[in-house]
>>> print(open('data-v1.txt').read())   # compact mmCIF, C-alpha atoms
# COMPACT_ATOMS: atom_id res chain seq x y z
CA MET A 1 -15.83 -58.02 5.47
CA SER A 2 -19.54 -57.24 5.77
CA PHE A 3 -22.01 -58.26 3.05
CA LEU A 4 -22.67 -54.58 2.17
CA LEU A 5 -18.96 -53.78 1.92
CA ARG A 6 -18.37 -56.84 -0.31
CA ARG A 7 -21.15 -55.63 -2.63
CA VAL A 8 -19.58 -52.16 -2.84
CA VAL A 9 -16.15 -53.64 -3.68
CA ILE A 10 -17.61 -55.95 -6.35
CA PHE A 11 -19.58 -53.08 -7.88
CA SER A 12 -16.46 -50.84 -7.95
CA LEU A 13 -14.40 -53.56 -9.67
CA ALA A 14 -17.12 -54.15 -12.23
CA LEU A 15 -17.38 -50.43 -12.93
CA SER A 16 -13.61 -50.18 -13.40
CA MET A 17 -13.60 -53.11 -15.84
CA TRP A 18 -16.49 -51.59 -17.81
CA ALA A 19 -14.71 -48.21 -18.01
CA ALA A 20 -11.50 -49.85 -19.20
CA ALA A 21 -13.37 -51.67 -21.94
CA MET A 22 -15.01 -48.49 -23.28
CA PRO A 23 -13.19 -46.66 -26.12
CA ALA A 24 -11.35 -43.52 -25.05
CA VAL A 25 -13.11 -40.25 -25.78
CA ALA A 26 -10.79 -37.66 -27.32
CA ALA A 27 -10.47 -34.37 -25.49
CA PRO A 28 -11.89 -31.37 -27.34
CA ALA A 29 -9.41 -29.84 -29.72
CA GLY A 30 -7.82 -26.58 -28.68
CA SER A 31 -8.16 -23.24 -30.40
CA VAL A 32 -6.60 -22.51 -33.79
CA PHE A 33 -5.48 -19.17 -35.21
CA THR A 34 -5.52 -18.62 -38.98
CA TYR A 35 -4.03 -15.78 -40.97
CA ARG A 36 -4.92 -15.39 -44.64
CA ARG A 37 -3.92 -12.77 -47.18
CA VAL A 38 -5.28 -12.62 -50.72
CA PHE A 39 -3.67 -10.02 -52.98
CA LYS A 40 -4.17 -10.49 -56.72
CA SER A 41 -1.31 -9.52 -59.04
CA SER A 42 1.23 -9.67 -56.22
CA VAL A 43 3.85 -12.31 -55.46
CA PRO A 44 2.67 -14.32 -53.68
CA GLU A 45 -1.05 -13.81 -54.23
CA PHE A 46 -2.17 -16.17 -51.49
CA ILE A 47 -0.82 -16.75 -47.98
CA GLU A 48 -2.45 -18.85 -45.29
CA ILE A 49 -0.96 -19.83 -41.94
CA LYS A 50 -2.70 -22.03 -39.38
CA ILE A 51 -1.35 -22.28 -35.85
CA PRO A 52 -2.87 -24.46 -33.11
CA GLU A 53 -2.56 -23.07 -29.59
CA SER A 54 -1.60 -26.36 -27.94
CA SER A 55 0.89 -27.65 -30.53
CA GLY A 56 3.85 -26.41 -32.52
CA ASN A 57 2.64 -28.33 -35.57
CA ALA A 58 1.43 -25.45 -37.72
CA SER A 59 0.89 -25.31 -41.49
CA TYR A 60 1.41 -22.77 -44.23
CA GLU A 61 0.37 -22.27 -47.84
CA ILE A 62 2.11 -19.70 -50.04
CA ARG A 63 1.29 -19.61 -53.74
CA GLN A 64 -0.24 -17.84 -56.71
CA LEU A 65 -4.02 -18.12 -56.99
CA ASP A 66 -3.89 -20.24 -60.15
CA GLU A 67 -1.56 -22.78 -58.56
CA ASP A 68 -2.77 -25.95 -56.88
CA ALA A 69 -3.80 -25.57 -53.25
CA GLY A 70 -1.93 -27.52 -50.62
CA SER A 71 -0.54 -26.79 -47.16
CA THR A 72 2.88 -27.68 -45.77
CA PRO A 73 3.67 -28.37 -42.10
CA PHE A 74 6.12 -26.24 -40.15
CA GLU A 75 6.94 -25.55 -36.52
CA VAL A 76 6.19 -22.50 -34.40
CA GLY A 77 7.87 -22.19 -31.01
CA VAL A 78 6.07 -22.02 -27.68
CA GLY A 79 6.99 -18.39 -27.03
CA LEU A 80 5.83 -17.15 -30.41
CA ARG A 81 2.59 -19.14 -30.21
CA ALA A 82 1.90 -17.64 -26.80
CA LYS A 83 2.47 -14.14 -28.21
CA ILE A 84 0.13 -14.79 -31.15
CA PHE A 85 -2.70 -16.07 -28.95
CA ASP A 86 -2.13 -13.32 -26.42
CA LEU A 87 -2.60 -10.73 -29.17
CA ALA A 88 -5.67 -12.57 -30.43
CA GLY A 89 -7.04 -12.49 -26.87
CA GLN A 90 -6.40 -8.76 -26.60
CA LEU A 91 -8.43 -8.41 -29.79
CA LYS A 92 -11.31 -10.36 -28.17
CA HIS A 93 -10.64 -13.24 -30.58
CA PHE A 94 -11.97 -10.96 -33.34
CA LYS A 95 -15.57 -11.23 -32.16
CA GLY A 96 -17.54 -8.27 -33.56
CA LEU A 97 -14.27 -6.51 -34.36
CA ASP A 98 -13.84 -3.85 -37.06
CA LEU A 99 -10.18 -3.24 -37.87
CA ASP A 100 -10.28 -1.47 -41.23
CA VAL A 101 -9.61 2.26 -41.39
CA HIS A 102 -12.43 2.68 -43.97
CA ARG A 103 -10.53 5.28 -45.94
CA LYS A 104 -9.75 5.56 -49.62
CA ILE A 105 -6.30 4.04 -49.73
CA ALA A 106 -4.54 1.66 -52.10
CA ASN A 107 -5.56 -1.98 -52.17
CA LEU A 108 -3.02 -3.78 -49.99
CA GLY A 109 -4.71 -7.16 -50.13
CA GLU A 110 -7.52 -8.61 -48.06
CA LYS A 111 -6.23 -9.87 -44.72
CA THR A 112 -8.19 -12.20 -42.48
CA PHE A 113 -7.64 -13.09 -38.84
CA ARG A 114 -9.66 -16.11 -37.71
CA TRP A 115 -9.92 -17.78 -34.31
CA GLU A 116 -11.57 -21.16 -33.88
CA ALA A 117 -12.36 -23.18 -30.78
CA PRO A 118 -14.78 -26.05 -30.13
CA GLY A 119 -18.25 -24.72 -30.83
CA GLU A 120 -17.28 -21.19 -31.81
CA SER A 121 -15.31 -19.20 -34.36
CA TYR A 122 -14.81 -15.53 -35.21
CA GLU A 123 -12.96 -13.70 -37.94
CA VAL A 124 -12.26 -10.20 -39.15
CA LYS A 125 -11.23 -8.97 -42.61
CA PHE A 126 -9.39 -5.74 -43.40
CA ASN A 127 -7.25 -3.99 -45.99
CA TYR A 128 -5.33 -1.69 -43.65
CA THR A 129 -5.54 -1.08 -39.92
CA LEU A 130 -4.12 1.33 -37.35
CA ASN A 131 -4.88 -0.95 -34.41
CA THR A 132 -1.64 -1.56 -32.51
CA GLN A 133 -2.30 -5.17 -31.51
CA ALA A 134 -3.58 -6.09 -34.98
CA THR A 135 -0.55 -4.47 -36.61
CA HIS A 136 1.79 -6.44 -34.36
CA LEU A 137 -0.05 -9.67 -35.12
CA LEU A 138 0.05 -8.88 -38.84
CA GLN A 139 3.82 -8.30 -38.69
CA ILE A 140 4.34 -11.67 -37.01
CA CYS A 141 2.21 -13.48 -39.59
CA GLU A 142 3.84 -11.79 -42.57
CA GLY A 143 7.22 -12.47 -41.00
CA LEU A 144 6.44 -16.16 -40.63
CA ALA A 145 5.34 -16.32 -44.27
CA ARG A 146 8.51 -14.56 -45.42
CA GLN A 147 10.62 -16.84 -43.24
CA GLN A 148 9.11 -19.94 -44.82
CA GLU A 149 9.57 -18.47 -48.31
CA LEU A 150 13.27 -17.97 -47.61
CA LEU A 151 13.72 -21.44 -46.12
CA ASP A 152 12.00 -22.99 -49.14
CA LEU A 153 14.20 -20.89 -51.44
CA LEU A 154 17.33 -22.07 -49.64
CA LYS A 155 16.25 -25.71 -49.93
CA ARG A 156 15.57 -25.36 -53.67
CA ARG A 157 18.89 -23.64 -54.30
CA MET A 158 20.76 -26.25 -52.29
CA LYS A 159 19.20 -28.97 -54.40
CA TYR A 160 19.06 -27.46 -57.87
CA ASP A 161 21.24 -24.33 -57.98
CA ARG A 162 24.26 -24.46 -55.70
CA LEU A 163 25.73 -21.30 -57.21
CA GLY A 164 22.54 -19.44 -56.23
CA VAL A 165 22.79 -20.39 -52.55
CA ASN A 166 24.81 -17.29 -51.69
CA ASP A 167 22.13 -14.98 -53.12
CA ALA A 168 19.48 -16.78 -51.05
CA LEU A 169 21.66 -16.36 -47.96
CA LEU A 170 21.98 -12.65 -48.70
CA GLN A 171 18.18 -12.34 -48.74
CA PHE A 172 17.93 -14.20 -45.45
CA GLU A 173 20.65 -12.01 -43.92
CA SER A 174 18.93 -8.81 -45.08
CA ASP A 175 15.53 -9.77 -43.64
CA MET A 176 17.10 -10.98 -40.42
CA SER A 177 18.90 -7.65 -40.02
CA LYS A 178 15.59 -5.83 -40.49
CA GLY A 179 13.98 -7.93 -37.76
CA VAL A 180 11.45 -9.38 -40.21
CA LEU A 181 12.01 -13.06 -39.32
CA PRO A 182 10.24 -14.15 -36.10
CA GLU A 183 12.26 -17.35 -35.58
CA PRO A 184 15.51 -17.25 -37.58
CA GLN A 185 16.78 -20.25 -35.63
CA ARG A 186 14.61 -22.41 -37.89
CA ALA A 187 17.29 -21.95 -40.54
CA LEU A 188 20.12 -23.35 -38.41
CA PRO A 189 20.02 -26.92 -39.82
CA LEU A 190 20.29 -25.53 -43.37
CA LEU A 191 22.99 -23.03 -42.45
CA ASP A 192 25.07 -25.70 -40.72
CA GLN A 193 24.63 -28.02 -43.71
CA ILE A 194 25.81 -25.36 -46.17
CA ALA A 195 28.73 -24.35 -43.95
CA GLY A 196 30.01 -27.93 -43.78
CA ASP A 197 29.47 -28.99 -47.41
CA SER A 198 32.40 -28.47 -49.79
CA ARG A 199 30.10 -28.72 -52.81
CA PHE A 200 28.97 -25.14 -52.16
CA VAL A 201 31.16 -22.16 -53.08
CA GLU A 202 33.38 -20.91 -50.28
CA ILE A 203 31.72 -17.49 -50.01
CA ALA A 204 28.36 -19.18 -49.37
CA ARG A 205 29.89 -21.49 -46.78
CA GLN A 206 31.50 -18.56 -44.98
CA ARG A 207 28.26 -16.56 -45.03
CA ALA A 208 26.28 -19.55 -43.75
CA ARG A 209 28.80 -20.06 -40.95
CA ALA A 210 28.66 -16.40 -39.94
CA LEU A 211 24.85 -16.34 -40.06
CA ALA A 212 24.59 -19.49 -37.96
CA GLU A 213 26.88 -17.99 -35.31
CA ARG A 214 24.88 -14.77 -35.35
CA VAL A 215 21.57 -16.62 -34.96
CA ARG A 216 22.88 -18.68 -32.06
CA HIS A 217 23.98 -15.52 -30.25
CA THR A 218 20.69 -13.70 -30.75
CA VAL A 219 18.12 -16.39 -29.80
>>> encode(input="data-v1.txt", output="structure tokens")
Amino acid sequence: MSFLLRRVVIFSLALSMWAAAMPAVAAPAGSVFTYRRVFKSSVPEFIEIKIPESSGNASYEIRQLDEDAGSTPFEVGVGLRAKIFDLAGQLKHFKGLDLDVHRKIANLGEKTFRWEAPGESYEVKFNYTLNTQATHLLQICEGLARQQELLDLLKRRMKYDRLGVNDALLQFESDMSKGVLPEPQRALPLLDQIAGDSRFVEIARQRARALAERVRHTV
């Protein structure tokens, strides 16, 4: 091996050792979509959903305005995330966007779409819109919020009010039939648990079993 080649090899090894010793630099975080609705005197008054593009680990917050703030994690599937970010892209990530109809109509709550990425962020606020893409995105977001409300209701009833489980299942069934719930399969663990637990009344167990079968055949 020539002297010059030996020097190149030694330098390469030294460079590799130096790189290995350096702390890893985290890759820039991906984009995040946020939906927020504030509507005083409604139930709920405050909804906020945050969904990262590169991960299913989203978060939601659903409460009255005078209640303590605090988000809860939940999962959003790959297909639904792709749809949400595709719609946001069609809306130019809300940059310079005006969605409101600017007419004298009832107050339906202030909605906010926000898109964030490393080094940039854009948002748009509106009361009511006729934009097709924005309306579709709004329906998905409101559906996710409603879905989480129903799942939380089911969990509370299962823990504190077993006789009320059937009523909660009826609400879930009604919204599912209307196509309101974007990912009804998220309820499958709860439905299977109710169906197999003799501590719940038989009508609730039968309804849970039927709903679980229906969900599995529609997703």
>>> closest_atom_pairs(input="data-v1.txt", of="stretch 62-164 of chain A", to="stretch 189-204 of chain A", cutoff="10 Å", atoms="only C-alpha atoms", output="JSON lines")
{"residue": "A:Leu151", "atom": "CA", "partner": "A:Leu190", "partner_atom": "CA", "distance": 8.2}
{"residue": "A:Leu154", "atom": "CA", "partner": "A:Leu190", "partner_atom": "CA", "distance": 7.7}
{"residue": "A:Lys155", "atom": "CA", "partner": "A:Leu190", "partner_atom": "CA", "distance": 7.7}
{"residue": "A:Met158", "atom": "CA", "partner": "A:Ile194", "partner_atom": "CA", "distance": 8.0}
{"residue": "A:Asp161", "atom": "CA", "partner": "A:Phe200", "partner_atom": "CA", "distance": 9.7}
{"residue": "A:Arg162", "atom": "CA", "partner": "A:Phe200", "partner_atom": "CA", "distance": 5.9}
{"residue": "A:Leu163", "atom": "CA", "partner": "A:Val201", "partner_atom": "CA", "distance": 6.9}
{"residue": "A:Gly164", "atom": "CA", "partner": "A:Ala204", "partner_atom": "CA", "distance": 9.0}
>>> closest_residue(input="data-v1.txt", among="A:Asp152, A:Glu110, A:Glu116, A:Asp86", to="A:Ser31", atoms="all atoms listed in the file")
A:Glu116
>>> residues_around(input="data-v1.txt", residues="A:Leu130", least_positions_apart="4", cutoff="12 Å", atoms="only C-alpha atoms", output="list in words")
Asp98, Leu99, Asp100, Val101, His102, Arg103, Phe126, Ala134, Thr135, His136, Leu137 and Leu138 of chain A
>>> write_last_selection(input="data-v1.txt", atoms="C-alpha atoms", output="tab-separated table (two decimals), in the coordinates of the input")
chain	number	residue	atom	x	y	z
A	98	ASP	CA	-13.84	-3.85	-37.06
A	99	LEU	CA	-10.18	-3.24	-37.87
A	100	ASP	CA	-10.28	-1.47	-41.23
A	101	VAL	CA	-9.61	2.26	-41.39
A	102	HIS	CA	-12.43	2.68	-43.97
A	103	ARG	CA	-10.53	5.28	-45.94
A	126	PHE	CA	-9.39	-5.74	-43.40
A	134	ALA	CA	-3.58	-6.09	-34.98
A	135	THR	CA	-0.55	-4.47	-36.61
A	136	HIS	CA	1.79	-6.44	-34.36
A	137	LEU	CA	-0.05	-9.67	-35.12
A	138	LEU	CA	0.05	-8.88	-38.84
>>> residues_around(input="data-v1.txt", residues="A:Leu80", least_positions_apart="4", cutoff="10 Å", atoms="all atoms listed in the file", output="PyMOL selection string")
chain A and resi 56+76+84-86+140+182-183
>>> write_last_selection(input="data-v1.txt", atoms="C-alpha atoms", output="compact mmCIF listing (two decimals), in the frame of the given file")
# COMPACT_ATOMS: atom_id res chain seq x y z
CA GLY A 56 3.85 -26.41 -32.52
CA VAL A 76 6.19 -22.50 -34.40
CA ILE A 84 0.13 -14.79 -31.15
CA PHE A 85 -2.70 -16.07 -28.95
CA ASP A 86 -2.13 -13.32 -26.42
CA ILE A 140 4.34 -11.67 -37.01
CA PRO A 182 10.24 -14.15 -36.10
CA GLU A 183 12.26 -17.35 -35.58
>>> closest_residue(input="data-v1.txt", among="A:Val180, A:Val124, A:Leu91, A:Ser55", to="A:Glu142", atoms="only C-alpha atoms")
A:Val180
>>> residues_around(input="data-v1.txt", residues="A:Gln185", least_positions_apart="2", cutoff="8 Å", atoms="all atoms listed in the file", output="ChimeraX atom specification")
/A:183,187-188,215-216,219
>>> residues_around(input="data-v1.txt", residues="A:Ser121", least_positions_apart="5", cutoff="12 Å", atoms="only C-alpha atoms", output="number ranges by chain")
A: 30-34, 92-96, 113-116
>>> residues_around(input="data-v1.txt", residues="stretch 174-179 of chain A", least_positions_apart="2", cutoff="10 Å", atoms="only C-alpha atoms", output="list of chain:residue names")
A:Gly143, A:Arg146, A:Gln147, A:Leu150, A:Ala168, A:Leu169, A:Leu170, A:Gln171, A:Phe172, A:Leu181, A:Pro182, A:Glu183, A:Pro184, A:Leu211, A:Val215
>>> atom_distance(input="data-v1.txt", atom1="atom CA of A:Gln133", atom2="atom CA of A:Ser54")
21.5 Å
>>> atom_distance(input="data-v1.txt", atom1="atom CA of A:Glu149", atom2="atom CA of A:Arg63")
10.0 Å
>>> atom_distance(input="data-v1.txt", atom1="atom CA of A:Phe39", atom2="atom CA of A:Ala106")
11.7 Å
>>> closest_residue(input="data-v1.txt", among="A:Leu97, A:Ala58, A:Ala69, A:Ala145", to="A:Pro44", atoms="all atoms listed in the file")
A:Ala145
